[in-house]
Every structure is written in C-alpha cells, then in structure tokens.
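Q: I am sharing protein_12.txt, which consists of compact mmCIF, C-alpha atoms and all ligand atoms:
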```txt
# COMPACT_ATOMS: atom_id res chain seq x y z
CA MET J 1 109.84 -10.29 118.21
CA SER J 2 111.40 -12.71 115.77
CA HIS J 3 107.99 -14.19 114.97
CA LEU J 4 106.74 -10.71 114.05
CA LEU J 5 109.50 -9.49 111.74
CA PRO J 6 109.05 -9.79 108.87
CA VAL J 7 105.70 -11.48 108.42
CA ALA J 8 104.79 -10.57 104.88
CA ALA J 9 105.86 -8.59 101.87
CA GLY J 10 103.48 -7.09 99.37
CA MET J 11 102.50 -4.00 97.44
CA SER J 12 99.05 -3.08 98.68
CA PRO J 13 97.96 -2.61 102.28
CA GLU J 14 94.34 -3.17 101.26
CA THR J 15 94.89 -6.61 99.80
CA LEU J 16 96.90 -7.54 102.85
CA ARG J 17 94.19 -6.65 105.31
CA GLY J 18 92.86 -10.18 105.50
CA HIS J 19 96.37 -11.45 106.03
CA THR J 20 96.85 -8.92 108.82
CA LEU J 21 93.82 -10.22 110.61
CA LYS J 22 95.05 -13.79 110.31
CA ILE J 23 98.44 -12.79 111.71
CA GLY J 24 96.65 -10.95 114.51
CA GLU J 25 94.69 -14.06 115.37
CA ARG J 26 97.83 -16.16 115.29
CA LEU J 27 99.69 -13.73 117.53
CA ARG J 28 96.79 -13.59 119.93
CA ALA J 29 96.90 -17.37 120.18
CA ALA J 30 100.69 -17.47 120.35
CA SER J 31 101.07 -14.80 122.99
CA ALA J 32 99.52 -16.96 125.68
CA VAL J 33 101.94 -19.81 125.23
CA ASN J 34 104.99 -18.31 123.60
CA GLN J 35 106.12 -15.03 125.16
CA VAL J 36 109.06 -13.52 123.30
CA ALA J 37 111.65 -11.60 125.30
CA VAL J 38 111.13 -8.11 123.79
CA VAL J 39 107.34 -8.37 123.71
CA PRO J 40 106.13 -7.61 127.23
CA ARG J 41 103.17 -9.46 128.64
CA SER J 42 101.19 -6.24 128.78
CA ILE J 43 100.79 -5.97 125.01
CA THR J 44 97.36 -6.88 123.77
CA VAL J 45 97.26 -7.97 120.17
CA THR J 46 93.89 -7.29 118.63
CA THR J 47 92.46 -7.54 115.16
CA ASP J 48 92.58 -3.73 114.92
CA SER J 49 96.19 -4.18 113.94
CA THR J 50 98.92 -1.67 113.68
CA PHE J 51 101.26 -2.19 110.79
CA ILE J 52 104.45 -0.64 109.69
CA ARG J 53 105.11 -0.20 106.02
CA SER J 54 108.52 0.53 104.74
CA HIS J 55 110.80 -0.27 101.90
CA ASP J 56 114.42 -1.10 101.41
CA ASP J 57 116.71 0.49 98.86
CA ARG J 58 115.47 -1.85 96.15
CA GLU J 59 111.99 -0.41 96.66
CA ARG J 60 110.57 -3.75 97.81
CA HIS J 61 107.83 -3.11 100.33
CA LEU J 62 108.23 -4.76 103.65
CA GLU J 63 105.23 -4.72 105.91
CA VAL J 64 105.41 -5.60 109.55
CA ARG J 65 102.40 -5.99 111.78
CA VAL J 66 102.78 -5.73 115.51
CA GLY J 67 99.17 -5.56 116.67
CA ASN J 68 97.81 -3.01 119.10
CA VAL J 69 100.11 -1.77 121.81
CA GLU J 70 97.87 0.33 123.94
CA THR J 71 99.64 0.10 127.29
CA GLY J 72 102.34 2.48 128.42
CA GLU J 73 104.92 -0.20 129.12
CA GLY J 74 104.18 -2.10 125.91
CA GLY J 75 104.18 1.05 123.81
CA ARG J 76 107.62 2.12 125.02
CA GLN J 77 109.24 -1.21 124.31
CA VAL J 78 107.60 -1.96 120.99
CA PHE J 79 108.00 1.46 119.41
CA GLY J 80 111.59 1.76 120.65
CA ALA J 81 112.37 -1.63 119.10
CA VAL J 82 110.65 -0.71 115.85
CA LEU J 83 112.52 2.58 115.57
CA ARG J 84 115.87 0.97 116.32
CA LEU J 85 115.16 -1.66 113.66
CA ALA J 86 114.24 1.05 111.15
CA SER J 87 117.34 3.07 112.06
CA GLU J 88 119.64 0.12 111.47
CA ARG J 89 118.14 -0.36 108.00
CA GLY J 90 117.78 3.31 107.10
CA LEU J 91 114.00 2.99 106.79
CA ASP J 92 111.07 5.29 107.31
CA VAL J 93 108.19 4.14 109.49
CA ASP J 94 104.47 4.15 108.69
CA LEU J 95 102.17 3.30 111.59
CA HIS J 96 98.41 3.04 111.86
CA VAL J 97 97.60 3.95 115.45
CA ASP J 98 94.75 4.66 117.86
CA GLU J 99 91.98 3.74 115.45
CA SER J 100 89.31 3.56 118.12
CA GLY J 101 87.06 5.67 120.31
CA ASP J 102 88.89 4.52 123.43
CA PRO J 103 90.30 7.51 125.33
CA ALA J 104 92.87 5.18 126.91
CA ALA J 105 94.47 4.54 123.50
CA THR J 106 97.68 6.57 123.54
CA ALA J 107 99.97 4.93 121.00
CA LEU J 108 100.52 8.25 119.18
CA ALA J 109 101.99 9.88 122.29
CA HIS J 110 104.23 6.83 122.82
CA VAL J 111 105.42 6.92 119.21
CA ALA J 112 106.30 10.61 119.51
CA ALA J 113 108.12 10.03 122.81
CA ALA J 114 110.00 7.08 121.30
CA VAL J 115 111.07 9.16 118.28
CA LEU J 116 112.48 11.85 120.58
CA ARG J 117 114.03 9.37 123.04
CA ASN J 118 115.75 7.39 120.27
CA ARG J 119 116.63 10.51 118.25
CA PHE J 120 115.15 8.73 115.24
CA ARG J 121 116.15 10.53 112.05
CA GLY J 122 113.85 8.86 109.50
CA ARG J 123 110.33 9.93 108.60
CA VAL J 124 107.53 8.73 110.88
CA VAL J 125 103.95 8.83 109.63
CA CYS J 126 101.01 7.96 111.87
CA GLY J 127 97.59 7.21 110.39
CA HIS J 128 94.09 7.42 111.97
CA CYS J 129 94.82 8.84 115.48
CA CYS J 130 91.06 8.93 116.15
CA SER J 131 91.16 8.28 119.90
CA LEU J 132 92.99 11.54 120.41
CA ALA J 133 89.73 13.36 119.69
CA VAL J 134 87.96 11.75 122.67
CA GLN J 135 90.70 12.62 125.15
CA PRO J 136 90.76 15.70 127.43
CA GLU J 137 91.88 18.92 125.73
CA GLU J 138 95.03 19.16 127.83
CA GLN J 139 96.05 15.64 126.83
CA ILE J 140 95.40 16.44 123.15
CA ARG J 141 97.60 19.53 123.45
CA ARG J 142 100.41 17.59 125.14
CA THR J 143 100.36 14.79 122.56
CA LEU J 144 100.26 17.15 119.59
CA ASP J 145 103.08 19.28 121.01
CA LEU J 146 105.14 16.07 121.26
CA CYS J 147 104.23 15.12 117.67
CA ALA J 148 105.25 18.55 116.40
CA GLU J 149 108.55 18.33 118.28
CA ALA J 150 109.18 14.81 116.96
CA GLY J 151 108.39 15.86 113.37
CA ILE J 152 105.67 13.23 112.97
CA ALA J 153 103.39 13.50 109.94
CA ILE J 154 99.75 12.44 110.21
CA VAL J 155 97.40 10.76 107.75
CA THR J 156 93.72 11.29 108.48
CA LEU J 157 91.18 8.90 106.95
CA PRO J 158 87.88 10.72 107.36
CA THR J 159 85.63 8.55 105.19
CA VAL J 160 86.83 5.30 106.74
CA ASN J 161 86.76 6.55 110.29
CA LEU J 162 83.41 8.32 109.99
CA TYR J 163 82.05 4.97 108.82
CA LEU J 164 83.81 2.79 111.38
CA GLN J 165 84.05 4.71 114.63
CA ASP J 166 81.22 5.03 117.16
CA ARG J 167 79.24 2.39 115.28
CA SER J 168 76.96 0.09 117.15
CA ASP J 169 73.67 -1.54 116.18
CA GLY J 170 70.56 0.47 116.98
CA ARG J 171 72.52 3.45 118.34
CA THR J 172 73.15 6.74 116.56
CA PRO J 173 76.82 7.74 116.47
CA ARG J 174 77.74 10.64 118.76
CA TRP J 175 81.06 11.67 117.19
CA ARG J 176 82.61 11.79 113.75
CA GLY J 177 85.49 9.46 114.47
CA VAL J 178 88.19 11.67 113.02
CA ALA J 179 91.46 13.03 114.36
CA PRO J 180 91.78 16.67 115.55
CA VAL J 181 93.17 17.81 112.24
CA HIS J 182 92.84 21.58 112.71
CA GLU J 183 94.79 21.43 115.96
CA MET J 184 97.50 19.41 114.21
CA ARG J 185 97.83 21.78 111.27
CA HIS J 186 97.81 24.76 113.66
CA ARG J 187 101.05 23.36 115.10
CA GLY J 188 102.62 22.92 111.67
CA ILE J 189 102.21 19.13 111.72
CA PRO J 190 101.89 17.90 108.10
CA VAL J 191 98.46 16.25 107.67
CA ALA J 192 97.50 14.28 104.57
CA ILE J 193 94.00 13.08 103.69
CA ALA J 194 93.64 9.48 102.55
CA GLY J 195 91.51 6.36 102.76
CA ASP J 196 92.86 2.88 103.40
CA ASN J 197 89.73 0.83 102.84
CA CYS J 198 87.37 0.53 99.92
CA ARG J 199 84.27 -1.70 99.85
CA ASP J 200 85.53 -4.01 102.55
CA PRO J 201 84.46 -4.79 106.13
CA PHE J 202 86.21 -1.64 107.40
CA HIS J 203 84.53 0.72 104.92
CA ALA J 204 81.64 -0.44 102.78
CA TYR J 205 81.92 2.33 100.16
CA GLY J 206 84.38 4.16 97.96
CA ASP J 207 85.86 3.83 94.49
CA HIS J 208 89.52 4.74 95.09
CA ASP J 209 88.58 8.25 94.03
CA MET J 210 90.67 10.91 95.78
CA VAL J 211 88.29 13.62 94.59
CA ASP J 212 85.49 11.90 96.48
CA THR J 213 87.76 11.43 99.50
CA PHE J 214 88.72 15.11 99.47
CA ARG J 215 85.13 16.26 99.00
CA GLN J 216 83.98 14.21 101.97
CA ALA J 217 87.00 15.23 104.04
CA VAL J 218 86.10 18.90 103.62
CA ARG J 219 82.61 18.23 104.94
CA ILE J 220 83.56 15.86 107.74
CA LEU J 221 86.53 17.89 109.00
CA HIS J 222 85.13 21.39 108.27
CA LEU J 223 88.03 22.31 106.00
CA ASP J 224 86.01 25.16 104.48
CA HIS J 225 85.01 28.80 105.05
CA PRO J 226 87.66 29.42 103.97
CA PHE J 227 89.05 26.42 102.09
CA GLY J 228 92.46 27.98 102.53
CA ASP J 229 95.12 25.46 101.58
CA ALA J 230 92.95 22.40 102.34
CA ALA J 231 93.54 21.01 98.84
CA ALA J 232 97.25 20.75 99.67
CA MET J 233 96.33 17.86 101.97
CA VAL J 234 95.68 15.67 98.92
CA GLY J 235 98.60 17.01 96.87
CA PRO J 236 101.77 18.73 98.02
CA VAL J 237 101.52 17.59 101.66
CA PRO J 238 101.45 13.82 100.96
CA GLN J 239 104.03 14.41 98.22
CA ALA J 240 106.38 15.97 100.76
CA ILE J 241 105.68 13.27 103.34
CA ILE J 242 106.64 10.44 101.00
CA ARG J 243 109.22 12.51 99.12
CA ALA J 244 107.52 11.80 95.80
CA GLY J 245 109.36 14.32 93.68
CA LEU J 246 107.01 16.58 91.77
CA LEU J 247 103.84 14.52 92.25
CA GLY J 248 100.99 16.68 93.48
CA THR J 249 102.53 19.90 92.21
CA ILE J 250 102.22 21.81 88.95
CA VAL J 251 105.51 23.23 87.76
CA LYS J 252 106.92 24.51 84.51
CA GLY J 253 108.64 21.62 82.75
CA GLY J 254 106.83 19.07 84.96
CA ALA J 255 105.31 15.83 83.69
CA ALA J 256 101.81 17.27 82.89
CA ARG J 257 99.89 14.79 85.02
CA LEU J 258 96.73 16.72 85.65
CA ILE J 259 93.02 16.39 86.27
CA LEU J 260 90.82 19.05 84.65
CA PHE J 261 87.46 19.68 86.28
CA ASN J 262 84.37 21.35 85.00
CA ALA J 263 84.41 23.79 87.91
CA ARG J 264 85.52 27.36 88.34
CA THR J 265 85.85 27.31 92.11
CA LEU J 266 86.44 24.82 94.90
CA ASN J 267 82.77 25.17 95.80
CA GLU J 268 81.79 24.02 92.30
CA LEU J 269 84.31 21.18 92.55
CA MET J 270 82.64 20.07 95.77
CA CYS J 271 79.06 20.11 94.54
CA ARG J 272 79.20 17.61 91.67
CA PRO J 273 80.90 14.21 91.47
CA GLN J 274 83.05 15.46 88.58
CA SER J 275 82.40 12.30 86.57
CA ASP J 276 83.22 14.32 83.45
CA ARG J 277 86.75 15.16 84.61
CA LEU J 278 89.60 14.94 82.13
CA VAL J 279 92.60 12.96 83.35
CA ILE J 280 95.86 13.84 81.64
CA ASP J 281 98.96 11.71 82.06
CA ARG J 282 102.20 13.14 80.69
CA GLY J 283 100.33 15.42 78.34
CA ARG J 284 97.92 12.77 76.98
CA GLN J 285 94.27 12.36 77.89
CA VAL J 286 93.61 9.05 79.64
CA SER J 287 90.74 7.28 77.89
CA ALA J 288 90.34 4.32 80.25
CA GLU J 289 86.81 3.78 81.52
CA LEU J 290 85.89 2.84 85.06
CA PRO J 291 85.60 -0.95 85.35
CA ASP J 292 82.15 -2.47 85.49
CA TYR J 293 81.20 -3.61 88.99
CA CYS J 294 81.22 -7.23 87.82
CA GLU J 295 84.88 -6.86 86.86
CA LEU J 296 85.60 -6.01 90.49
CA ASP J 297 83.96 -9.15 91.90
CA GLY J 298 86.60 -11.03 93.83
CA VAL J 299 89.00 -8.06 93.97
CA GLY J 300 90.01 -7.17 97.49
ZN ZN J 401 94.81 1.98 108.60
```
Spell out the structure here as structure tokens.
A:
Amino acid sequence: MSHLLPVAAGMSPETLRGHTLKIGERLRAASAVNQVAVVPRSITVTTDSTFIRSHDDRERHLEVRVGNVETGEGGRQVFGAVLRLASERGLDVDLHVDESGDPAATALAHVAAAVLRNRFRGRVVCGHCCSLAVQPEEQIRRTLDLCAEAGIAIVTLPTVNLYLQDRSDGRTPRWRGVAPVHEMRHRGIPVAIAGDNCRDPFHAYGDHDMVDTFRQAVRILHLDHPFGDAAAMVGPVPQAIIRAGLLGTIVKGGAARLILFNARTLNELMCRPQSDRLVIDRGRQVSAELPDYCELDGVG
C-alpha cells in the first residue's frame, strides 16, 4: 500500500478529480506487475475511484485514493488497513463508495463491518452509496442496520447521481441513481445533501449553489409532503458531521452568517431560483456578483 499512501495533498476534491483518474490509471497499470503485500489480487482499481479525505492537526488536507474495492476479500483488507491507519493518526475518514448501479457493489457494508470489527472511534462518512438502492430489500436493511450500529454518516449527491447513474446512449434511464435516504434517516443515520461535481465530465451542470442542490434534492428524493426537517440536511446535519461549530445553525450571539430569501414558505423557496437572495456574512451584506462564465473558463 506504500505506493497509495499518500498520493496527493490538496484543498479541493473537485480540482483533484483529474489527478485521481491519473492515479487510478497508474494503479491499474501497476497492479498487474507490482502486487503490494496488503493489496490483495482481488481488488479492481477503476477510474470510479474511492478516495479518503482527512486532515492532520495542522488542518492540512491529506487525500488518499485507493480505487474501487468491490470484492468481499479486498474490501475487508483495504478498509481494515485504512481504518487502522486513521486510528494511528487520530483521523476521521471520508469515503466515496458504491457510486454505480451494480447490485454487486457492497463497499458500504464492508466499511460498516470494518468499523465495528476494528472498533474505530473516529468519524466515518460515506458518500454516494447508490448501488444500495438496486439491491434486494433485505440486503438494504442489513447494510443500513450495520451502518446505524457503526455510527456511519452518509452524504447523498442527488444532482450528480441522477445525472450520472443509469446513463447510456439512446436508452432512457430506469432509476434515479440515488441512495435510499429515507430508509437511512428512519434508522437515525445522519444524511447530508451535497454535490461533488460541477460542470465537469461527472456532472455537466451546477453553479456551486447549495440552494439549487437542496431544491433538486427535495424533488429527486421526495423530501416533501411534509418537508419536515429536510432543510437540516444542508445545515445542522453536515455541521454536526464535520463538527463545524455553529455553521448551519442560527443562535443568539452567533456570527450572523445568513441567507435571506424572498419566500414565506419552503414551497415558495422551492419554486424560484432565489437569484435575489441576500447573503449576509457576519452581519454585513455580501455584494460580490456571480462571475461571468468567461471568468470560469479553465477553472476545474
Ligand atoms: Zn464522490
């Protein structure tokens, strides 16, 4: 595993996507000729890479990519090794797993089992988890029970996965590509809504606008009738997952970082793009304009 850890350090997963793919290609090539002791032969490294994002106590991000580990044997060894490594360094673990429509993809279950087996005490967050939705109901129940027991938090990426999953030329998609979020929340598993791709090969659209992401998430995941606490999935829930202090909450004496919408209800928030929103940062209105598209050429 020495050639996998660490492979790169950086601040933004999006800008590192291309690098991830290059590493994936290199590992794919290397695995045939250069088997490393703790990486079993059964692991298939694909360009749909898993990566682990963590930080040390100086807040420097360390990102480690290990590729896909879809087999039982491979999953056990890789996730156990990753968790032991994180334990030794006192790190949390952020994994992107099962981002496919393949019912045989079971990394999430292996992560949960590894957390319990290793008695891992840090935070484990798993993103995507799409394949779960195409597995038999009993298997979904078993995996989610394990996740709840292991204290795993989930990040669902509805815009990206609606776009990417079940896509093939000339064929209409048959499923929405998203994780079984209601079933997760029903078990008390913390679920945050996010998007990890914007105007790139994995998701052609987006503007890094969480209001847009939330609005689409409500529609794609049926988080309405009633809305209930759905909005918490873009505020207090991710705040708690990453232990971000008071971000995402409004409290007396807080930092007054707010967005004011021209809407009286969540329904009204959902129906317009809210381009006239007022963004307030520490009590002051933010006057910055959105960049022109031409300023974004070459960004990515
Ligand atoms: Zn991802």
Q: Go through J:Ala204, J:His110, J:Pro158, J:Asn118 and flag the residue nearest Arg142 (chain J), using all atoms listed in the file for the distances.
A: J:His110
Q: Set the cut-off to 7 Å, count all atoms listed in the file, and list whatever residues fall near ligand ZN 401 (chain J) as a list in words.
A: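 Final answer, ordered by chain and number: His96, Gly127, His128 and Asp196 of chain J.
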Q: For CA of Leu132 (chain J) and CA of Pro103 (chain J), determine how far apart the two atoms are, in Å to one decimal place.
A: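 Going from CA of Leu132 (chain J) over to CA of Pro103 (chain J) covers 6.9 Å.
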Q: Select, from J:Asn267, J:Asp200, J:Gly298, J:Ala256, the residue with the minimum atom-to-atom distance to Asp281 (chain J), counting all atoms listed in the file.
A: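 For Asp281 (chain J), the nearest of the given residues is J:Ala256.
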Q: If you measure from CA of Asp297 (chain J) to CA of Arg199 (chain J), what distance in Å do you get, rounded to one decimal?
A: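 According to the coordinates, CA of Asp297 (chain J) and CA of Arg199 (chain J) are separated by 10.9 Å.
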Q: Just how far from CA of Tyr205 (chain J) is CA of Leu221 (chain J), in Å to one decimal?
A: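 Between CA of Leu221 (chain J) and CA of Tyr205 (chain J) the gap works out to 18.5 Å.
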Q: Determine the nearest neighbour of Asp166 (chain J) from the options J:Gly151, J:Gly254, J:Gly101, J:Pro238, counting only C-alpha atoms.
A: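 Closest to Asp166 (chain J), using only C-alpha atoms: J:Gly101.
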Q: I need the residue nearest Ala104 (chain J) from this list: J:Ala288, J:Met184, J:Cys130, J:Val82. Use only C-alpha atoms for the distance.
A: J:Cys130
Q: Here is a test: counting all atoms listed in the file, which residue of J:Ala179, J:Met270, J:Leu223, J:Ile241 is nearest to Arg123 (chain J)?
A: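 Selected residue with least distance to Arg123 (chain J): J:Ile241.
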Q: From the options J:Gly195, J:Gly90, J:Gly80, J:Pro201, which residue's atoms come nearest to Phe214 (chain J), counting all atoms listed in the file?
A: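 So, comparing all the options, the nearest one is J:Gly195.
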Q: Given the point (91.1, 18.8, 85.3) in the file's coordinates, find the residues that have an atom at most 12 Å from it, counting all atoms listed in the file, and give them as a list in words.
A: Val211, Ala256, Arg257, Leu258, Ile259, Leu260, Phe261, Asn262, Ala263, Arg264, Leu269, Gln274, Ser275, Asp276, Arg277, Leu278, Val279, Ile280, Asp281, Gln285 and Val286 of chain J
Q: So that I can see what lies close to His208 (chain J), please list as number ranges by chain the residues with an atom at most 8 Å from it, counting all atoms listed in the file and leaving out residues fewer than 2 positions away in the same chain.
A: J: 198, 206, 210
Q: Could you pull the residues within 9 Å of Glu99 (chain J), counting only C-alpha atoms, minus those fewer than 6 positions along the same chain, as a list in words?
A: Asp48, Thr50, Ala105, Gly127, His128, Cys129, Cys130, Ser131, Asn161, Gln165 and Gly177 of chain J
